[in-house]
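Everything below belongs to work_7.txt, which stores compact mmCIF, C-alpha atoms.
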# COMPACT_ATOMS: atom_id res chain seq x y z
CA MET A 1 136.02 121.12 89.80
CA GLU A 2 135.41 122.36 93.35
CA VAL A 3 134.01 125.92 93.61
CA PRO A 4 136.29 127.99 95.86
CA ARG A 5 134.68 128.92 99.16
CA LEU A 6 134.65 132.50 100.42
CA SER A 7 133.59 133.29 103.96
CA SER A 8 132.00 136.63 104.82
CA ALA A 9 135.25 137.84 106.43
CA GLU A 10 137.30 136.83 103.37
CA ARG A 11 134.80 138.56 101.07
CA LEU A 12 135.03 141.77 103.08
CA ILE A 13 138.84 141.65 103.11
CA LEU A 14 138.99 141.19 99.32
CA GLN A 15 136.50 144.05 98.83
CA LEU A 16 138.61 146.35 101.01
CA LEU A 17 141.91 145.31 99.39
CA ALA A 18 140.49 145.71 95.87
CA GLY A 19 140.78 149.46 96.39
CA GLU A 20 144.32 149.62 97.82
CA GLU A 21 146.92 147.52 99.58
CA MET A 22 146.73 147.71 103.38
CA PHE A 23 148.20 146.56 106.66
CA GLY A 24 146.16 144.20 108.85
CA LEU A 25 145.23 146.92 111.32
CA GLN A 26 144.07 149.21 108.50
CA LEU A 27 141.69 146.47 107.36
CA VAL A 28 140.23 146.32 110.88
CA GLU A 29 139.76 150.11 110.95
CA GLN A 30 138.27 150.27 107.43
CA SER A 31 135.84 147.43 108.17
CA GLY A 32 134.10 149.51 110.88
CA GLY A 33 134.27 146.68 113.43
CA ALA A 34 133.23 143.84 111.12
CA LEU A 35 136.78 142.44 111.25
CA LYS A 36 138.32 141.76 114.67
CA ARG A 37 141.94 142.47 115.59
CA GLY A 38 142.46 138.98 117.00
CA THR A 39 141.21 137.05 113.95
CA VAL A 40 142.09 139.23 110.94
CA TYR A 41 145.70 138.00 110.87
CA VAL A 42 144.62 134.35 111.05
CA THR A 43 142.12 134.95 108.22
CA LEU A 44 144.77 136.73 106.12
CA GLY A 45 147.15 133.79 106.71
CA ARG A 46 144.51 131.33 105.44
CA MET A 47 143.74 133.54 102.45
CA GLN A 48 147.43 133.49 101.53
CA ASP A 49 147.38 129.68 101.72
CA LYS A 50 144.35 129.62 99.42
CA GLY A 51 146.03 132.05 97.01
CA TYR A 52 143.47 134.83 97.46
CA VAL A 53 145.94 137.43 98.75
CA GLU A 54 149.67 137.98 98.72
CA SER A 55 151.79 139.91 101.18
CA TRP A 56 155.21 141.37 101.65
CA THR A 57 157.00 143.18 104.44
CA GLU A 58 157.51 146.91 104.04
CA LYS A 59 160.98 148.33 103.60
CA GLN A 60 162.05 149.85 106.89
CA PRO A 61 164.19 152.97 107.05
CA PRO A 62 167.68 152.41 108.50
CA GLY A 63 167.67 152.50 112.29
CA ALA A 64 163.97 151.62 112.58
CA ILE A 65 163.06 149.50 115.59
CA GLY A 66 160.47 146.75 115.85
CA LEU A 67 159.33 144.19 113.31
CA PRO A 68 158.58 145.33 109.72
CA ARG A 69 154.85 145.57 108.99
CA ARG A 70 153.21 143.30 106.40
CA LEU A 71 151.19 144.74 103.50
CA TYR A 72 148.47 142.79 101.74
CA ARG A 73 146.92 142.93 98.27
CA PRO A 74 144.57 140.60 96.42
CA THR A 75 145.88 138.21 93.77
CA ALA A 76 144.24 138.00 90.35
CA TYR A 77 142.78 134.66 91.45
CA GLY A 78 141.37 136.21 94.62
CA LEU A 79 139.71 139.00 92.63
CA ARG A 80 138.19 136.40 90.25
CA VAL A 81 136.75 134.47 93.20
CA LEU A 82 135.33 137.70 94.66
CA GLU A 83 133.84 138.63 91.28
CA ALA A 84 132.22 135.20 90.98
CA TRP A 85 130.65 135.46 94.46
CA GLU A 86 129.41 138.98 93.83
CA ALA A 87 127.88 137.87 90.52
CA ALA A 88 126.12 135.03 92.36
CA ALA A 89 124.86 137.48 95.02
CA ARG A 90 123.52 139.84 92.30
CA THR A 91 121.74 136.94 90.63
CA PHE A 92 119.93 136.00 93.85
CA ARG A 93 118.99 139.61 94.57
CA ARG A 94 117.51 139.97 91.05
CA ARG A 95 115.53 136.70 91.17
CA PRO A 96 113.54 136.56 94.46
CA GLN A 97 111.71 133.39 93.33
CA LEU A 98 115.00 131.53 93.67
CA LYS A 99 114.60 131.63 97.45
CA PRO A 100 113.61 128.25 98.94
CA ALA A 101 109.96 127.88 99.91
CA THR A 102 109.49 128.15 103.70
CA MET B 1 161.32 148.97 125.70
CA ILE B 2 159.69 147.84 122.47
CA PRO B 3 156.28 146.28 123.14
CA GLY B 4 155.71 142.73 121.91
CA ARG B 5 159.29 141.43 122.29
CA LEU B 6 158.36 138.89 124.96
CA LEU B 7 155.30 137.79 122.96
CA HIS B 8 157.54 137.33 119.92
CA ARG B 9 159.88 135.10 121.92
CA ILE B 10 156.95 133.03 123.25
CA ALA B 11 155.53 132.72 119.73
CA ALA B 12 158.91 131.59 118.38
CA LEU B 13 158.86 128.74 120.92
CA THR B 14 155.24 127.68 120.49
CA CYS B 15 154.19 128.36 116.88
CA SER B 16 155.27 126.88 113.58
CA ALA B 17 157.60 128.92 111.34
CA ARG B 18 154.77 129.56 108.89
CA SER B 19 152.36 130.76 111.61
CA LEU B 20 155.09 132.94 113.10
CA GLU B 21 155.95 134.63 109.81
CA GLN B 22 152.47 134.95 108.28
CA VAL B 23 150.21 135.41 111.30
CA VAL B 24 151.95 136.33 114.56
CA GLU B 25 154.66 138.70 113.33
CA PRO B 26 152.24 140.92 111.35
CA ALA B 27 150.09 141.18 114.50
CA ILE B 28 153.10 142.11 116.65
CA ALA B 29 154.45 144.54 114.03
CA ASP B 30 151.09 146.38 114.02
CA LEU B 31 151.06 146.36 117.84
CA GLN B 32 154.48 148.02 117.92
CA ARG B 33 153.15 150.93 115.87
CA GLU B 34 150.19 151.63 118.16
CA GLN B 35 150.03 154.83 120.15
CA GLY B 36 148.10 155.26 123.36
CA MET B 37 147.56 152.87 126.25
CA ALA B 38 144.03 151.77 125.26
CA ALA B 39 145.08 150.84 121.71
CA LEU B 40 148.21 149.10 123.02
CA VAL B 41 146.23 147.02 125.53
CA SER B 42 143.61 145.98 122.97
CA ASN B 43 146.38 145.00 120.55
CA TYR B 44 148.12 142.95 123.26
CA VAL B 45 144.85 141.08 123.82
CA ALA B 46 144.54 140.55 120.06
CA VAL B 47 148.10 139.17 119.81
CA LEU B 48 147.43 136.80 122.73
CA LYS B 49 144.30 135.60 120.92
CA VAL B 50 146.31 135.10 117.73
CA LEU B 51 148.88 133.08 119.72
CA GLY B 52 146.15 130.94 121.24
CA LEU B 53 144.58 130.27 117.83
CA CYS B 54 147.96 129.32 116.33
CA VAL B 55 148.99 127.08 119.25
CA LEU B 56 145.65 125.25 119.33
CA ASP B 57 145.58 125.10 115.50
CA ILE B 58 141.93 126.08 115.36
CA SER B 59 140.67 125.48 111.86
CA GLU B 60 138.28 127.79 110.07
CA ALA B 61 135.43 128.43 112.48
CA THR B 62 131.86 128.77 111.28
CA ASP B 63 129.43 131.37 112.57
CA ASP B 64 127.73 128.60 114.58
CA ASP B 65 131.05 127.73 116.25
CA ARG B 66 131.69 131.35 117.21
CA ARG B 67 128.14 131.75 118.53
CA ALA B 68 128.49 128.60 120.64
CA VAL B 69 131.73 129.81 122.26
CA LYS B 70 130.34 133.32 122.85
CA ARG B 71 127.17 131.83 124.33
CA THR B 72 129.24 129.68 126.69
CA LEU B 73 131.31 132.69 127.72
CA ALA B 74 128.15 134.76 128.31
CA TRP B 75 126.58 132.01 130.42
CA GLY B 76 129.85 131.75 132.32
CA LEU B 77 129.59 135.41 133.29
CA VAL B 78 125.88 135.04 134.12
CA PHE B 79 126.64 132.21 136.55
CA THR B 80 129.95 133.52 137.93
CA CYS B 81 128.78 137.01 138.96
CA PRO B 82 126.01 135.98 141.39
CA LEU B 83 128.16 133.10 142.68
CA THR B 84 130.92 135.58 143.49
CA LEU B 85 128.41 137.70 145.44
CA LEU B 86 127.18 134.56 147.19
CA PHE B 87 130.70 133.57 148.30
CA VAL B 88 131.42 137.09 149.55
CA MET B 89 128.45 136.87 151.96
CA PRO B 90 129.77 134.42 154.63
CA PRO B 91 132.85 136.46 155.67
CA LEU B 92 130.78 139.67 155.52
CA SER B 93 128.11 138.15 157.75
CA SER B 94 130.82 137.11 160.24
CA PHE B 95 131.58 140.82 160.69
CA PRO B 96 128.15 142.50 160.71
CA GLU B 97 129.71 145.83 161.76
CA VAL B 98 131.75 145.95 158.56
CA ARG B 99 129.61 147.38 155.77
CA GLY B 100 130.07 149.01 152.42
CA TRP B 101 131.06 148.18 148.85
CA PHE B 102 134.75 148.68 149.57
CA ALA B 103 134.78 145.95 152.21
CA ALA B 104 132.82 143.60 149.92
CA THR B 105 135.25 144.31 147.03
CA LEU B 106 138.18 143.26 149.23
CA LEU B 107 136.59 139.81 149.52
CA VAL B 108 136.08 139.29 145.76
CA PRO B 109 139.55 137.73 145.16
CA GLN B 110 138.83 134.96 147.66
CA ALA B 111 135.41 134.30 146.11
CA LEU B 112 136.46 134.30 142.44
CA PRO B 113 138.51 131.03 142.42
CA LEU B 114 135.44 129.27 143.85
CA ALA B 115 132.89 130.96 141.60
CA ILE B 116 134.75 130.71 138.28
CA PRO B 117 134.96 126.88 138.00
CA ILE B 118 131.31 126.46 139.03
CA GLY B 119 130.24 129.24 136.66
CA LEU B 120 132.08 127.76 133.69
CA ALA B 121 130.88 124.23 134.54
CA PHE B 122 127.25 125.30 134.26
CA ALA B 123 128.05 127.46 131.23
CA VAL B 124 129.45 124.38 129.44
CA ALA B 125 126.33 122.42 130.43
CA VAL B 126 123.88 125.08 129.29
CA GLY B 127 125.69 126.99 126.52
CA LEU B 128 127.10 124.26 124.29
CA PRO B 129 125.14 122.47 121.57
CA GLY B 130 124.44 118.74 121.94
CA ARG B 131 127.65 117.65 120.24
CA PRO B 132 130.12 120.52 119.97
CA THR B 133 132.55 120.67 117.05
CA MET B 134 136.30 120.39 117.65
CA ASN B 135 136.60 124.15 117.07
CA VAL B 136 134.06 124.83 119.81
CA VAL B 137 135.85 122.46 122.20
CA LYS B 138 139.16 124.20 121.51
CA GLY B 139 137.50 127.60 121.94
CA VAL B 140 136.04 126.59 125.31
CA VAL B 141 139.44 125.21 126.36
CA LEU B 142 140.95 128.61 125.48
CA VAL B 143 138.27 130.29 127.62
CA ALA B 144 139.11 127.87 130.47
CA VAL B 145 142.82 128.71 130.15
CA GLY B 146 142.00 132.43 130.41
CA ALA B 147 139.77 131.76 133.41
CA SER B 148 142.60 129.76 135.04
CA LEU B 149 144.94 132.72 134.64
CA VAL B 150 142.36 135.01 136.25
CA SER B 151 141.95 132.52 139.12
CA PHE B 152 145.70 132.28 139.61
CA ALA B 153 146.07 136.07 139.68
CA ALA B 154 143.26 136.25 142.27
CA LEU B 155 144.86 133.52 144.43
CA ALA B 156 148.49 134.65 144.14
CA TRP B 157 148.02 138.41 144.46
CA GLY B 158 144.38 139.38 145.04
CA LEU B 159 143.70 137.00 147.94
CA PRO B 160 146.55 138.13 150.27
CA VAL B 161 145.95 141.81 149.56
CA GLY B 162 142.15 141.58 149.81
CA ASN B 163 142.07 139.43 152.95
CA GLU B 164 144.67 141.53 154.71
CA GLY B 165 142.77 144.69 153.74
CA PHE B 166 139.50 143.27 155.04
CA ARG B 167 141.13 142.20 158.32
CA ARG B 168 142.47 145.71 158.85
CA VAL B 169 139.08 147.28 158.02
CA ALA B 170 137.41 144.88 160.50
CA ALA B 171 140.06 145.66 163.13
CA ASP B 172 139.57 149.42 162.64
CA VAL B 173 135.81 149.08 162.99
CA ALA B 174 136.22 146.97 166.15
CA ARG B 175 138.66 149.50 167.60
CA SER B 176 136.28 152.37 166.87
CA ASN B 177 133.57 150.42 168.72
CA GLY B 178 135.82 150.36 171.79
CA GLU B 179 136.92 146.74 171.49
CA LEU B 180 140.46 145.77 172.38
CA VAL B 181 142.22 144.76 169.16
CA SER B 182 145.94 144.18 168.52
CA VAL B 183 147.59 147.10 166.73
CA ASP B 184 149.03 144.81 164.06
CA PRO B 185 147.18 141.47 164.01
CA SER B 186 149.47 138.74 162.65
CA LYS B 187 148.74 137.26 159.26
CA GLY B 188 147.10 133.88 158.83
CA PRO B 189 147.88 131.60 155.87
CA ASN B 190 145.13 133.19 153.75
CA GLU B 191 146.69 136.65 154.13
CA MET B 192 150.18 135.56 153.10
CA TRP B 193 151.85 135.88 149.74
CA LEU B 194 153.19 132.65 148.20
CA SER B 195 156.75 133.64 149.17
CA GLU B 196 155.65 134.34 152.75
CA LEU B 197 153.89 130.96 152.93
CA SER B 198 157.03 129.24 151.66
CA ARG B 199 159.19 130.98 154.31
CA GLU B 200 156.68 130.18 157.05
CA ILE B 201 156.65 126.49 156.04
CA SER B 202 160.47 126.33 156.18
CA GLY B 203 160.47 128.10 159.56
CA MET B 204 157.86 125.78 161.04
CA THR B 205 159.62 122.68 159.74
CA ALA B 206 162.94 123.86 161.21
CA ALA B 207 161.22 124.57 164.54
CA GLY B 208 159.71 121.06 164.58
CA ASN B 209 156.12 122.30 164.17
CA HIS B 210 155.20 119.67 161.56
CA ARG B 211 151.45 120.00 162.09
CA GLY B 212 151.58 123.74 161.32
CA ALA B 213 153.97 123.17 158.43
CA ARG B 214 151.58 120.63 156.88
CA ARG B 215 148.61 122.99 157.21
CA TYR B 216 150.50 125.90 155.63
CA SER B 217 151.91 123.61 152.95
CA TRP B 218 148.39 122.48 152.04
CA THR B 219 147.31 126.13 151.73
CA PHE B 220 150.33 126.80 149.49
CA HIS B 221 149.57 123.92 147.12
CA LEU B 222 145.84 124.59 147.17
CA ARG B 223 146.37 127.99 145.55
CA PHE B 224 147.81 126.28 142.47
CA THR B 225 145.20 123.52 142.55
CA LEU B 226 142.29 125.94 142.69
CA ALA B 227 143.76 127.97 139.82
CA LEU B 228 143.55 124.82 137.66
CA ALA B 229 140.15 123.73 138.99
CA VAL B 230 138.36 125.47 136.11
CA MET B 231 140.50 123.53 133.56
CA ALA B 232 139.91 120.21 135.35
CA VAL B 233 136.15 120.66 135.61
CA ALA B 234 135.68 122.12 132.10
CA THR B 235 137.70 119.38 130.34
CA PHE B 236 135.78 116.68 132.22
CA LEU B 237 132.41 118.16 131.25
CA LEU B 238 133.57 118.54 127.62
CA SER B 239 134.54 114.86 127.54
CA VAL B 240 131.20 113.55 128.81
CA PRO B 241 129.16 112.38 125.80
CA ILE B 242 125.71 113.57 126.84
CA ASP B 243 123.57 115.61 124.48
CA ARG B 244 120.72 116.77 126.69
CA ARG B 245 121.27 120.01 128.60
CA LEU B 246 119.28 118.88 131.66
CA PHE B 247 121.52 115.83 132.19
CA ARG B 248 124.62 117.87 131.50
CA GLY B 249 123.44 120.38 134.11
CA LEU B 250 122.99 117.58 136.65
CA ILE B 251 126.46 116.23 135.88
CA ALA B 252 127.88 119.75 136.23
CA PHE B 253 126.26 120.03 139.66
CA VAL B 254 127.55 116.61 140.77
CA THR B 255 131.03 117.38 139.39
CA CYS B 256 131.31 120.70 141.26
CA PHE B 257 129.91 119.21 144.47
CA SER B 258 132.32 116.27 144.25
CA TYR B 259 135.26 118.58 143.56
CA TRP B 260 134.69 120.65 146.67
CA ALA B 261 133.99 117.49 148.71
CA LEU B 262 137.37 116.14 147.56
CA ILE B 263 139.06 119.34 148.77
CA TYR B 264 137.69 118.73 152.26
CA ILE B 265 138.53 115.02 152.09
CA GLY B 266 142.07 115.95 151.06
CA GLU B 267 142.39 118.36 153.99
CA LEU B 268 141.10 115.72 156.41
CA ALA B 269 143.52 113.15 155.00
CA ILE B 270 146.42 115.57 155.51
CA ARG B 271 145.40 116.29 159.12
CA ARG B 272 145.35 112.55 159.85
CA ASP B 273 148.65 112.01 158.04
CA TYR B 274 147.10 109.75 155.40
CA LEU B 275 148.34 111.98 152.58
CA THR B 276 151.13 114.50 152.07
CA PRO B 277 150.03 118.15 151.69
CA PHE B 278 150.90 118.03 147.98
CA ALA B 279 148.84 114.86 147.35
CA GLY B 280 145.93 116.10 149.45
CA ALA B 281 145.79 119.45 147.68
CA TRP B 282 146.04 117.95 144.18
CA LEU B 283 143.62 115.08 144.88
CA PRO B 284 140.56 116.74 143.28
CA ASN B 285 142.44 117.67 140.06
CA LEU B 286 144.01 114.20 139.77
CA ILE B 287 140.64 112.48 140.19
CA CYS B 288 139.07 114.89 137.69
CA ALA B 289 141.83 114.12 135.17
CA ALA B 290 141.35 110.38 135.65
CA ALA B 291 137.57 110.75 135.21
CA THR B 292 138.18 112.76 132.01
CA MET B 293 140.37 109.93 130.60
CA VAL B 294 137.69 107.37 131.45
CA ALA B 295 134.91 109.49 129.89
CA LEU B 296 136.95 110.06 126.72
CA SER B 297 137.88 106.39 126.29
CA TRP B 298 134.25 105.36 126.90
CA SER B 299 132.91 107.85 124.35
CA MET B 300 135.45 106.80 121.73
CA ARG B 301 135.01 103.04 121.96
CA PRO B 302 133.91 101.30 118.70
CA GLY B 303 130.21 101.59 117.93
CA ARG B 304 129.77 104.71 120.03
CA SER B 305 129.38 108.09 118.30
CA ASP B 306 132.15 110.60 118.91
CA VAL B 307 131.89 113.02 121.78
CA VAL B 308 132.56 115.82 119.36
CA ASN B 309 131.30 116.54 115.92
CA HIS B 310 134.31 116.71 113.66
CA ALA B 311 132.49 118.93 111.15
Could you write out this structure as structure tokens?
Amino acid sequence: MEVPRLSSAERLILQLLAGEEMFGLQLVEQSGGALKRGTVYVTLGRMQDKGYVESWTEKQPPGAIGLPRRLYRPTAYGLRVLEAWEAAARTFRRRPQLKPAT
Amino acid sequence: MIPGRLLHRIAALTCSARSLEQVVEPAIADLQREQGMAALVSNYVAVLKVLGLCVLDISEATDDDRRAVKRTLAWGLVFTCPLTLLFVMPPLSSFPEVRGWFAATLLVPQALPLAIPIGLAFAVAVGLPGRPTMNVVKGVVLVAVGASLVSFAALAWGLPVGNEGFRRVAADVARSNGELVSVDPSKGPNEMWLSELSREISGMTAAGNHRGARRYSWTFHLRFTLALAVMAVATFLLSVPIDRRLFRGLIAFVTCFSYWALIYIGELAIRRDYLTPFAGAWLPNLICAAATMVALSWSMRPGRSDVVNHA
């Protein structure tokens, strides 16, 4: 079975969404510059394809103009993948001798 | 007017339904909620980047890919800035009485379309790894497209305004020195807007001045050619399968030199009626495109490693 990959941007997005559902721009603001406006939407699109996040468009009040915004939240699978990566990171931090010899 | 409507229409024509729904529309929806000019502008840039990524179908980029593209862009700026200053010097030195940063700034639009292709050519030679990945190639192509748009803006709008402004500044300085100068010196082809050039060409043709019409027609077509010079040169250098930076630098130098030589050859051919103004102006880009095809087919023949790393 192939271990699911999680890039640093995807990890950060899942960590931010674990707290609350957000719009794309909110993720950029909450990340403190780690996520870029131009690439966050592409990353979120890929994460949806991988099943890490799900999204839906907000209900707009009658008479609202412009496109409805899209909200994101992590799936149970996405949270499991994040948990697995964080467990791996904790393991490496606890066991410094696991680092490769230079 | 709601911001992002035109971008939405462009995206609907160029992106897949999935990309439009899941990637582009969320970006545009967020843009439409922004307040303030600075936030709006930065969101417009972000949406254009999203569009570019969707259209080029750039797959998940690694940190190495991003670093390679940023390095190429940085080298492009490092080369382009001094080249722009260099190309501003000749007209300034022709008018030694005209001094000051304002006068030099007026000449930047005519220097940029020359400096940008050379700057990006050397940036591709120096900044890219030995065998760039497909993502890096697509990223550099995106950079070249952006540079082409900047060149076109400089040629279509900046050049007429800047040159005309510089001529008037030079005329004012000459007048203040007691020289006899016409109150309103007539515009040459490099001070005309594209629409003015087009009208002048029609007028000259109707008046039977075919020599003048051909010269102005060449200037008209050259503005479009030079805007695409950066694309022609960058795609050729990306297609050449050479790993070592020194050799790539030499090829970049030869490519740029040959390109500008072809511009002069094209102009000469037009003056002697060997070529039409359109053919003469587009000669360098056509030869560059042909050379790119040859380089690509040579690098992809059986037994030869790919020009790009498909990692």
Closest contacts (chain B/chain A, max 12 Å, all atoms listed in the file) as CSV:
residue,atom,partner,partner_atom,distance
B:Met1,CA,A:Gly66,CA,10.1
B:Ile2,CA,A:Gly66,CA,6.8
B:Pro3,CA,A:Gly66,CA,8.4
B:Gly4,CA,A:Gly66,CA,8.7
B:Arg5,CA,A:Gly66,CA,8.4
B:His8,CA,A:Leu67,CA,9.7
B:Arg18,CA,A:Gly45,CA,9.0
B:Ser19,CA,A:Gly45,CA,7.8
B:Leu20,CA,A:Gly45,CA,10.2
B:Glu21,CA,A:Gly45,CA,9.4
B:Gln22,CA,A:Gly45,CA,5.7
B:Val23,CA,A:Tyr41,CA,5.2
B:Val24,CA,A:Tyr41,CA,7.4
B:Glu25,CA,A:Leu67,CA,7.2
B:Pro26,CA,A:Arg70,CA,5.6
B:Ala27,CA,A:Tyr41,CA,6.5
B:Ile28,CA,A:Leu67,CA,7.4
B:Ala29,CA,A:Leu67,CA,4.9
B:Asp30,CA,A:Arg69,CA,6.3
B:Leu31,CA,A:Leu25,CA,8.8
B:Gln32,CA,A:Gly66,CA,6.5
B:Arg33,CA,A:Gly66,CA,8.4
B:Glu34,CA,A:Leu25,CA,9.7
B:Ala39,CA,A:Arg37,CA,10.8
B:Leu40,CA,A:Arg37,CA,11.8
B:Val41,CA,A:Arg37,CA,11.7
B:Ser42,CA,A:Arg37,CA,8.3
B:Asn43,CA,A:Arg37,CA,7.1
B:Tyr44,CA,A:Gly38,CA,9.3
B:Val45,CA,A:Gly38,CA,7.5
B:Ala46,CA,A:Gly38,CA,4.0
B:Val47,CA,A:Gly38,CA,6.3
B:Leu48,CA,A:Gly38,CA,7.9
B:Lys49,CA,A:Gly38,CA,5.5
B:Val50,CA,A:Gly38,CA,5.5
B:Leu51,CA,A:Gly38,CA,9.1
B:Gly52,CA,A:Gly38,CA,9.8
B:Leu53,CA,A:Val42,CA,7.9
B:Cys54,CA,A:Val42,CA,8.0
B:Val55,CA,A:Val42,CA,11.8
B:Asp57,CA,A:Val42,CA,10.3
B:Ile58,CA,A:Val42,CA,9.7
B:Ser59,CA,A:Arg46,CA,9.5
B:Glu60,CA,A:Thr43,CA,8.3
B:Ala61,CA,A:Ser7,CA,10.0
B:Thr62,CA,A:Ser7,CA,8.8
B:Asp63,CA,A:Ser8,CA,9.7
B:Arg66,CA,A:Thr39,CA,11.6
Long-range neighbours of Gly76 in chain B as a compact mmCIF listing (two decimals) with C-alpha atoms, in the coordinates of the input, 6 Å cut-off, all atoms listed in the file, 6 positions minimum in chain:
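Below you can see result_38.txt, which holds the result:
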# COMPACT_ATOMS: atom_id res chain seq x y z
CA GLY B 119 130.24 129.24 136.66
CA LEU B 120 132.08 127.76 133.69
CA ALA B 123 128.05 127.46 131.23
Report, in Å to a single decimal, how far apart CA of Asp243 in chain B and CA of Trp298 in chain B are. 15.0 Å
Can you tell me how far CA of Val140 in chain B sits from CA of Ile287 in chain B, in Å to one decimal?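 These atoms are spaced 21.0 Å apart.
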List every protein, DNA or RNA residue with an atom no more than 7 Å from (128.6, 121.8, 132.8) in the file's coordinates, counting all atoms listed in the file, and format the result as JSON, numbers by chain. {"B": [120, 121, 122, 123, 124, 125, 126, 237, 248, 249, 251, 252]}
Find the distance between CA of Gly162 in chain B and CA of Leu107 in chain B and write it in Å to one decimal.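 According to the coordinates, CA of Gly162 in chain B and CA of Leu107 in chain B are separated by 5.8 Å.
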